[in-house]
Amino acid sequence: MLSAALRDHGLDKSAVVVDLDALDHNIETVKRNADPGLAWRLVAKSLPSLQLLNYVQVGLNAPNLMVFSEQMLCHLLRQQNSDLLVGRPMPSSAARRILCQHPKAATHVQWLVDSTDRLAQFAQLSQELRITLRVNLEIDVGLHRGGFSQADIPELDRVLRGECGLKLSGLMGYEPHLSKLPRLLVSASEKRFDRSYGAFRKWADGQGQNLCYNTGGSSTFHRYGHSGLVNDLSFGSVLVLPSDFDTASTIGFVPAVFVATPVLKVLPKNHWPGLEAFAALRRNSVDIAVQGGYFMGQPVHPKGYAYSGIFGRSTNQEIWTGRAGSGVAPGDIALIRPTQSEFVMNLFGPILAYRRGQTFREWTVLPH
């Protein structure tokens with residue numbers, strides 16, 4: 001149905017499509033599985049369109065965002081009044097540019113800080129600009145991708161209690177490994193998370209009130225309740241369910257994002273380059289050439305087609321191979337289910353928002 005609707009729409013180039021009926025289903029699935037006693041924060045890079053973010057923000061009553069790039073952060077500062085938690089450490093030079101261009105960043109942005117060196121850099125920046133900066137501390141809760149350890153707490157206490165121009169806004173402990181480890185290792189890793197986050201939470205509670213204690217992700221957000229250590233959950237990709245997040249489908253999420261691209265050529269019984277003598281072996285097969293290629297995903301339509309092992313991958317006109325009798329024709333629309341939503345969704349220009357029985361809407365994409 002989606003492919004036929006896109007052909008009727010006149011799609012003649014590669015595009016990302018969001019199925020709004022599936023998205024509505026996923027929004028309701030979040031409501032059934034996320035604790036309403038916690039704040040819900042959307043990951044902007046995973047839903048990289050202002051209209052898409054607004055749609056989900058309204059649907060979930062979740063105004064706050066996590067942002068990862070300078071360009072996207074600047075765009076959102078112009079367009080929204082959300083609380084914006086930076087999801088990865090940003091150089092202080094980039095923070096300076098943002099603060100000079102967008103003065104409200106001082107009150108709307110939580111800058112993620114992962115080391116004492118970066119803390120010192122942001123302290124210097126705050127003194128240089130004569131403003132107070134809100135800093136959120138990245139803590140290592142077992143992922144071991146950097147961040148503060150419990151041994152750093154005394155030094156953090158010393159610095160943040162001094163006249164450094166920094167105000168603690170919260171903690172961020174990212175833990176996607178908890179959904180990917182073998183079951184045998186999960187219990188010990190959860191206890192390590194509780195120990196580490198618990199130690200920082202106990203210390204941070206003495207630093208101020210109404211702090212943001214963030215964790216979670218699309219594969220783990222449903223683990224947490226309001227009586228635990230955290231009060232702020234981040235997720236994004238699960239709302240459109242690219243294939244890397246299929247574990248989430250076990251609690252009811254469905255795919256809602258696809259890459260669509262026109263079929264350029266249909267090549268029944270196509271010869272293999274250099275192996276024309278074996279043409280008889282291909283009497284039941286059909287190759288199709290699609291516009292573009294090397295998409296970060298797997299073909300899902302036409303059904304039964306897969307990337308050609310003979311022709312290999314291509315960004316120009318990629319060859320897919322299937323069986324004869326599929327009825328595919330040039331001008332039909334092939335569909336790929338992406339492995340991830342971030343980066344992919346803002347590759348092709350405006351996103352096409354699709355609802356069955358309605359005309360397509362174009363949603364502009366955010367910069368990377």
# chains A, B, ... in the order shown; residues from 1 in each chain; ligands from 1
>>> select_by_dssp(residues="region 179-256 of chain A", states="helix (DSSP H, G or I)", output="ChimeraX atom specification")
/A:179,183-204,221-223,237-239,243-251
>>> residues_around(residues="region 354-362 of chain A", least_positions_apart="3", cutoff="9 Å", atoms="only C-alpha atoms", output="ChimeraX atom specification")
/A:1-2,5-6,9,17-22,350-351
>>> write_last_selection(atoms="C-alpha atoms", output="short mmCIF file (atom, residue, chain, number, x, y, z; two decimals), in the first residue's frame")
data_model
loop_
_atom_site.label_atom_id
_atom_site.label_comp_id
_atom_site.auth_asym_id
_atom_site.auth_seq_id
_atom_site.Cartn_x
_atom_site.Cartn_y
_atom_site.Cartn_z
CA MET A 1 0.00 0.00 0.00
CA LEU A 2 2.80 2.42 0.85
CA ALA A 5 0.74 5.39 -2.69
CA LEU A 6 4.26 6.69 -3.34
CA HIS A 9 2.25 10.54 -5.48
CA VAL A 17 8.87 8.06 4.58
CA VAL A 18 7.31 8.04 8.04
CA ASP A 19 4.14 5.99 8.45
CA LEU A 20 2.00 8.11 10.79
CA ASP A 21 -0.40 5.27 11.56
CA ALA A 22 2.52 3.17 12.78
CA PRO A 350 12.13 16.55 3.23
CA ILE A 351 10.57 13.56 4.96
#
>>> residues_around(residues="Ala120 (chain A)", least_positions_apart="6", cutoff="12 Å", atoms="only C-alpha atoms", output="MDAnalysis selection string")
chainID A and resid 91:92 113:114 126:127 135 155:156 159:160 162:166
>>> closest_residue(among="A:Ala277, A:Ile153, A:Leu112, A:Met296", to="Leu133 (chain A)", atoms="only C-alpha atoms")
A:Leu112
>>> residues_around(residues="Lys45 (chain A)", least_positions_apart="6", cutoff="12 Å", atoms="only C-alpha atoms", output="PDB file with N, CA and C atoms, in the first residue's frame")
ATOM      1  N   LEU A  52       8.296  16.446  12.920  1.00  0.00           N
ATOM      2  CA  LEU A  52       8.225  15.125  13.538  1.00  0.00           C
ATOM      3  C   LEU A  52       8.377  15.231  15.051  1.00  0.00           C
ATOM      4  N   LEU A  53       9.356  16.019  15.493  1.00  0.00           N
ATOM      5  CA  LEU A  53       9.539  16.214  16.931  1.00  0.00           C
ATOM      6  C   LEU A  53       8.294  16.837  17.562  1.00  0.00           C
ATOM      7  N   LEU A  65      14.309  17.804  25.139  1.00  0.00           N
ATOM      8  CA  LEU A  65      15.043  17.122  24.079  1.00  0.00           C
ATOM      9  C   LEU A  65      16.482  16.837  24.500  1.00  0.00           C
ATOM     10  N   MET A  66      17.052  15.810  23.871  1.00  0.00           N
ATOM     11  CA  MET A  66      18.487  15.555  23.936  1.00  0.00           C
ATOM     12  C   MET A  66      19.052  15.832  22.547  1.00  0.00           C
ATOM     13  N   VAL A  67      20.149  16.592  22.496  1.00  0.00           N
ATOM     14  CA  VAL A  67      20.707  17.062  21.223  1.00  0.00           C
ATOM     15  C   VAL A  67      22.189  16.721  21.187  1.00  0.00           C
ATOM     16  N   PHE A  68      22.719  16.427  19.979  1.00  0.00           N
ATOM     17  CA  PHE A  68      24.082  15.935  19.874  1.00  0.00           C
ATOM     18  C   PHE A  68      25.003  16.792  19.019  1.00  0.00           C
ATOM     19  N   SER A  69      24.470  17.676  18.183  1.00  0.00           N
ATOM     20  CA  SER A  69      25.346  18.438  17.296  1.00  0.00           C
ATOM     21  C   SER A  69      25.125  19.930  17.468  1.00  0.00           C
ATOM     22  N   GLU A  70      26.162  20.709  17.165  1.00  0.00           N
ATOM     23  CA  GLU A  70      26.081  22.160  17.258  1.00  0.00           C
ATOM     24  C   GLU A  70      25.018  22.717  16.323  1.00  0.00           C
ATOM     25  N   GLN A  71      24.984  22.197  15.083  1.00  0.00           N
ATOM     26  CA  GLN A  71      24.042  22.729  14.094  1.00  0.00           C
ATOM     27  C   GLN A  71      22.592  22.480  14.522  1.00  0.00           C
ATOM     28  N   MET A  72      22.319  21.266  15.005  1.00  0.00           N
ATOM     29  CA  MET A  72      20.950  20.957  15.416  1.00  0.00           C
ATOM     30  C   MET A  72      20.570  21.734  16.674  1.00  0.00           C
ATOM     31  N   LEU A  73      21.519  21.886  17.581  1.00  0.00           N
ATOM     32  CA  LEU A  73      21.256  22.636  18.806  1.00  0.00           C
ATOM     33  C   LEU A  73      20.903  24.086  18.486  1.00  0.00           C
ATOM     34  N   LEU A  76      17.374  24.308  17.046  1.00  0.00           N
ATOM     35  CA  LEU A  76      16.325  24.110  18.042  1.00  0.00           C
ATOM     36  C   LEU A  76      16.233  25.285  19.006  1.00  0.00           C
ATOM     37  N   VAL A  86      22.580  18.287  26.161  1.00  0.00           N
ATOM     38  CA  VAL A  86      23.556  17.853  25.153  1.00  0.00           C
ATOM     39  C   VAL A  86      23.933  16.409  25.462  1.00  0.00           C
ATOM     40  N   GLY A  87      23.828  15.550  24.451  1.00  0.00           N
ATOM     41  CA  GLY A  87      23.978  14.121  24.683  1.00  0.00           C
ATOM     42  C   GLY A  87      25.386  13.586  24.561  1.00  0.00           C
ATOM     43  N   ARG A  88      26.314  14.421  24.131  1.00  0.00           N
ATOM     44  CA  ARG A  88      27.717  14.012  24.124  1.00  0.00           C
ATOM     45  C   ARG A  88      28.558  15.245  24.439  1.00  0.00           C
ATOM     46  N   SER A 234      15.474   9.204  28.341  1.00  0.00           N
ATOM     47  CA  SER A 234      15.667   9.580  26.936  1.00  0.00           C
ATOM     48  C   SER A 234      15.355   8.405  26.030  1.00  0.00           C
ATOM     49  N   PHE A 235      14.699   8.689  24.913  1.00  0.00           N
ATOM     50  CA  PHE A 235      14.472   7.689  23.868  1.00  0.00           C
ATOM     51  C   PHE A 235      14.064   8.421  22.601  1.00  0.00           C
ATOM     52  N   GLY A 236      14.189   7.754  21.461  1.00  0.00           N
ATOM     53  CA  GLY A 236      13.826   8.376  20.193  1.00  0.00           C
ATOM     54  C   GLY A 236      13.612   7.367  19.098  1.00  0.00           C
ATOM     55  N   SER A 237      14.641   6.570  18.820  1.00  0.00           N
ATOM     56  CA  SER A 237      14.584   5.636  17.692  1.00  0.00           C
ATOM     57  C   SER A 237      13.423   4.666  17.788  1.00  0.00           C
ATOM     58  N   GLN A 340      19.062   2.221  11.275  1.00  0.00           N
ATOM     59  CA  GLN A 340      18.983   3.269  12.289  1.00  0.00           C
ATOM     60  C   GLN A 340      18.248   4.449  11.697  1.00  0.00           C
ATOM     61  N   SER A 341      17.740   5.313  12.589  1.00  0.00           N
ATOM     62  CA  SER A 341      17.025   6.492  12.110  1.00  0.00           C
ATOM     63  C   SER A 341      17.941   7.712  12.077  1.00  0.00           C
ATOM     64  N   GLU A 342      18.842   7.832  13.037  1.00  0.00           N
ATOM     65  CA  GLU A 342      19.757   8.967  13.042  1.00  0.00           C
ATOM     66  C   GLU A 342      20.635   8.930  11.803  1.00  0.00           C
ATOM     67  N   PHE A 343      20.978  10.048  11.279  1.00  0.00           N
ATOM     68  CA  PHE A 343      21.774  10.239  10.066  1.00  0.00           C
ATOM     69  C   PHE A 343      20.986   9.855   8.812  1.00  0.00           C
ATOM     70  N   VAL A 344      20.303   8.691   8.825  1.00  0.00           N
ATOM     71  CA  VAL A 344      19.583   8.242   7.630  1.00  0.00           C
ATOM     72  C   VAL A 344      18.412   9.162   7.322  1.00  0.00           C
ATOM     73  N   MET A 345      17.668   9.548   8.356  1.00  0.00           N
ATOM     74  CA  MET A 345      16.405  10.251   8.104  1.00  0.00           C
ATOM     75  C   MET A 345      16.591  11.650   7.541  1.00  0.00           C
ATOM     76  N   ASN A 346      17.770  12.241   7.732  1.00  0.00           N
ATOM     77  CA  ASN A 346      17.957  13.575   7.148  1.00  0.00           C
ATOM     78  C   ASN A 346      18.954  13.575   5.998  1.00  0.00           C
ATOM     79  N   VAL A 365      13.821  18.594   7.340  1.00  0.00           N
ATOM     80  CA  VAL A 365      14.733  17.868   8.225  1.00  0.00           C
ATOM     81  C   VAL A 365      15.659  18.851   8.940  1.00  0.00           C
ATOM     82  N   LEU A 366      16.107  18.437  10.106  1.00  0.00           N
ATOM     83  CA  LEU A 366      17.085  19.212  10.865  1.00  0.00           C
ATOM     84  C   LEU A 366      18.484  18.950  10.330  1.00  0.00           C
ATOM     85  N   PRO A 367      19.395  19.887  10.498  1.00  0.00           N
ATOM     86  CA  PRO A 367      20.794  19.644  10.079  1.00  0.00           C
ATOM     87  C   PRO A 367      21.431  18.589  10.964  1.00  0.00           C
ATOM     88  N   HIS A 368      22.459  17.915  10.419  1.00  0.00           N
ATOM     89  CA  HIS A 368      23.164  16.893  11.207  1.00  0.00           C
ATOM     90  C   HIS A 368      23.832  17.531  12.401  1.00  0.00           C
TER      91      HIS A 368
END
>>> residues_around(residues="region 56-60 of chain A", least_positions_apart="5", cutoff="9 Å", atoms="only C-alpha atoms", output="list in words")
Leu23, Asp24, Ile27, Glu28, Val30, Lys31, Trp40, Arg41, Leu42, Gln51 and Leu239 of chain A
>>> write_last_selection(atoms="N, CA and C atoms", output="PDB file, in the first residue's frame")
ATOM      1  N   LEU A  23       3.426   5.291  13.594  1.00  0.00           N
ATOM      2  CA  LEU A  23       3.972   6.182  14.616  1.00  0.00           C
ATOM      3  C   LEU A  23       2.963   6.387  15.745  1.00  0.00           C
ATOM      4  N   ASP A  24       1.696   6.573  15.411  1.00  0.00           N
ATOM      5  CA  ASP A  24       0.661   6.718  16.441  1.00  0.00           C
ATOM      6  C   ASP A  24       0.614   5.475  17.332  1.00  0.00           C
ATOM      7  N   ILE A  27       3.565   5.620  19.684  1.00  0.00           N
ATOM      8  CA  ILE A  27       3.348   6.607  20.748  1.00  0.00           C
ATOM      9  C   ILE A  27       2.497   5.999  21.861  1.00  0.00           C
ATOM     10  N   GLU A  28       1.454   5.292  21.480  1.00  0.00           N
ATOM     11  CA  GLU A  28       0.612   4.645  22.495  1.00  0.00           C
ATOM     12  C   GLU A  28       1.375   3.540  23.221  1.00  0.00           C
ATOM     13  N   VAL A  30       4.597   3.568  23.903  1.00  0.00           N
ATOM     14  CA  VAL A  30       5.412   4.251  24.910  1.00  0.00           C
ATOM     15  C   VAL A  30       4.571   4.563  26.141  1.00  0.00           C
ATOM     16  N   LYS A  31       3.380   5.086  25.932  1.00  0.00           N
ATOM     17  CA  LYS A  31       2.516   5.455  27.058  1.00  0.00           C
ATOM     18  C   LYS A  31       2.207   4.257  27.939  1.00  0.00           C
ATOM     19  N   TRP A  40       9.951  12.489  30.265  1.00  0.00           N
ATOM     20  CA  TRP A  40      10.337  11.816  29.024  1.00  0.00           C
ATOM     21  C   TRP A  40      11.022  12.826  28.114  1.00  0.00           C
ATOM     22  N   ARG A  41      12.212  12.460  27.634  1.00  0.00           N
ATOM     23  CA  ARG A  41      13.040  13.364  26.823  1.00  0.00           C
ATOM     24  C   ARG A  41      13.288  12.713  25.466  1.00  0.00           C
ATOM     25  N   LEU A  42      12.960  13.407  24.385  1.00  0.00           N
ATOM     26  CA  LEU A  42      13.132  12.856  23.038  1.00  0.00           C
ATOM     27  C   LEU A  42      14.536  13.131  22.518  1.00  0.00           C
ATOM     28  N   GLN A  51       8.950  19.133  12.525  1.00  0.00           N
ATOM     29  CA  GLN A  51       7.540  18.728  12.527  1.00  0.00           C
ATOM     30  C   GLN A  51       7.360  17.355  13.176  1.00  0.00           C
ATOM     31  N   LEU A 239      10.515   5.034  18.492  1.00  0.00           N
ATOM     32  CA  LEU A 239       9.247   5.543  17.989  1.00  0.00           C
ATOM     33  C   LEU A 239       9.067   5.293  16.498  1.00  0.00           C
TER      34      LEU A 239
END
>>> closest_residue(among="A:Ser308, A:Ser14, A:Gln124, A:Gln79", to="Lys104 (chain A)", atoms="only C-alpha atoms")
A:Gln79
>>> atom_distance(atom1="CA of Cys100 (chain A)", atom2="CA of Leu168 (chain A)")
21.2 Å
>>> residues_around(residues="Leu229 (chain A)", least_positions_apart="6", cutoff="9 Å", atoms="only C-alpha atoms", output="list in words")
Asp194, Tyr197, Gly198, Arg201 and Tyr213 of chain A
>>> closest_residue(among="A:Ser3, A:Gln150, A:Ser93, A:Thr315", to="Pro302 (chain A)", atoms="only C-alpha atoms")
A:Ser3
>>> select_by_dssp(residues="region 43-117 of chain A", states="strand (DSSP E)", output="list in words")
Val43, Leu65, Met66, Val67, Leu84, Leu85, Val86, Val109, Gln110, Trp111, Leu112 and Val113 of chain A
>>> write_last_selection(atoms="C-alpha atoms", output="tab-separated table (two decimals), in the first residue's frame")
chain	number	residue	atom	x	y	z
A	43	VAL	CA	16.44	12.26	21.27
A	65	LEU	CA	15.04	17.12	24.08
A	66	MET	CA	18.49	15.56	23.94
A	67	VAL	CA	20.71	17.06	21.22
A	84	LEU	CA	18.03	20.84	25.82
A	85	LEU	CA	20.42	18.27	27.28
A	86	VAL	CA	23.56	17.85	25.15
A	109	VAL	CA	21.03	24.08	27.61
A	110	GLN	CA	22.58	21.51	29.93
A	111	TRP	CA	26.19	21.05	28.79
A	112	LEU	CA	27.42	17.48	29.20
A	113	VAL	CA	30.81	17.32	30.91
>>> atom_distance(atom1="CA of Leu275 (chain A)", atom2="CA of Ile310 (chain A)")
10.5 Å
>>> residues_around(residues="Ala39 (chain A)", least_positions_apart="5", cutoff="12 Å", atoms="only C-alpha atoms", output="list in words")
Ala34, Gln57, Leu60, Asn61, Ala62, Pro63, Asn64, Leu65, Asp83, Asn210, Leu211, Cys212, Tyr213, Asn214, Thr215, Gly216, Phe221, Tyr224, Gly225, His226, Val230, Asn231, Asp232, Leu233, Ser234 and Phe235 of chain A
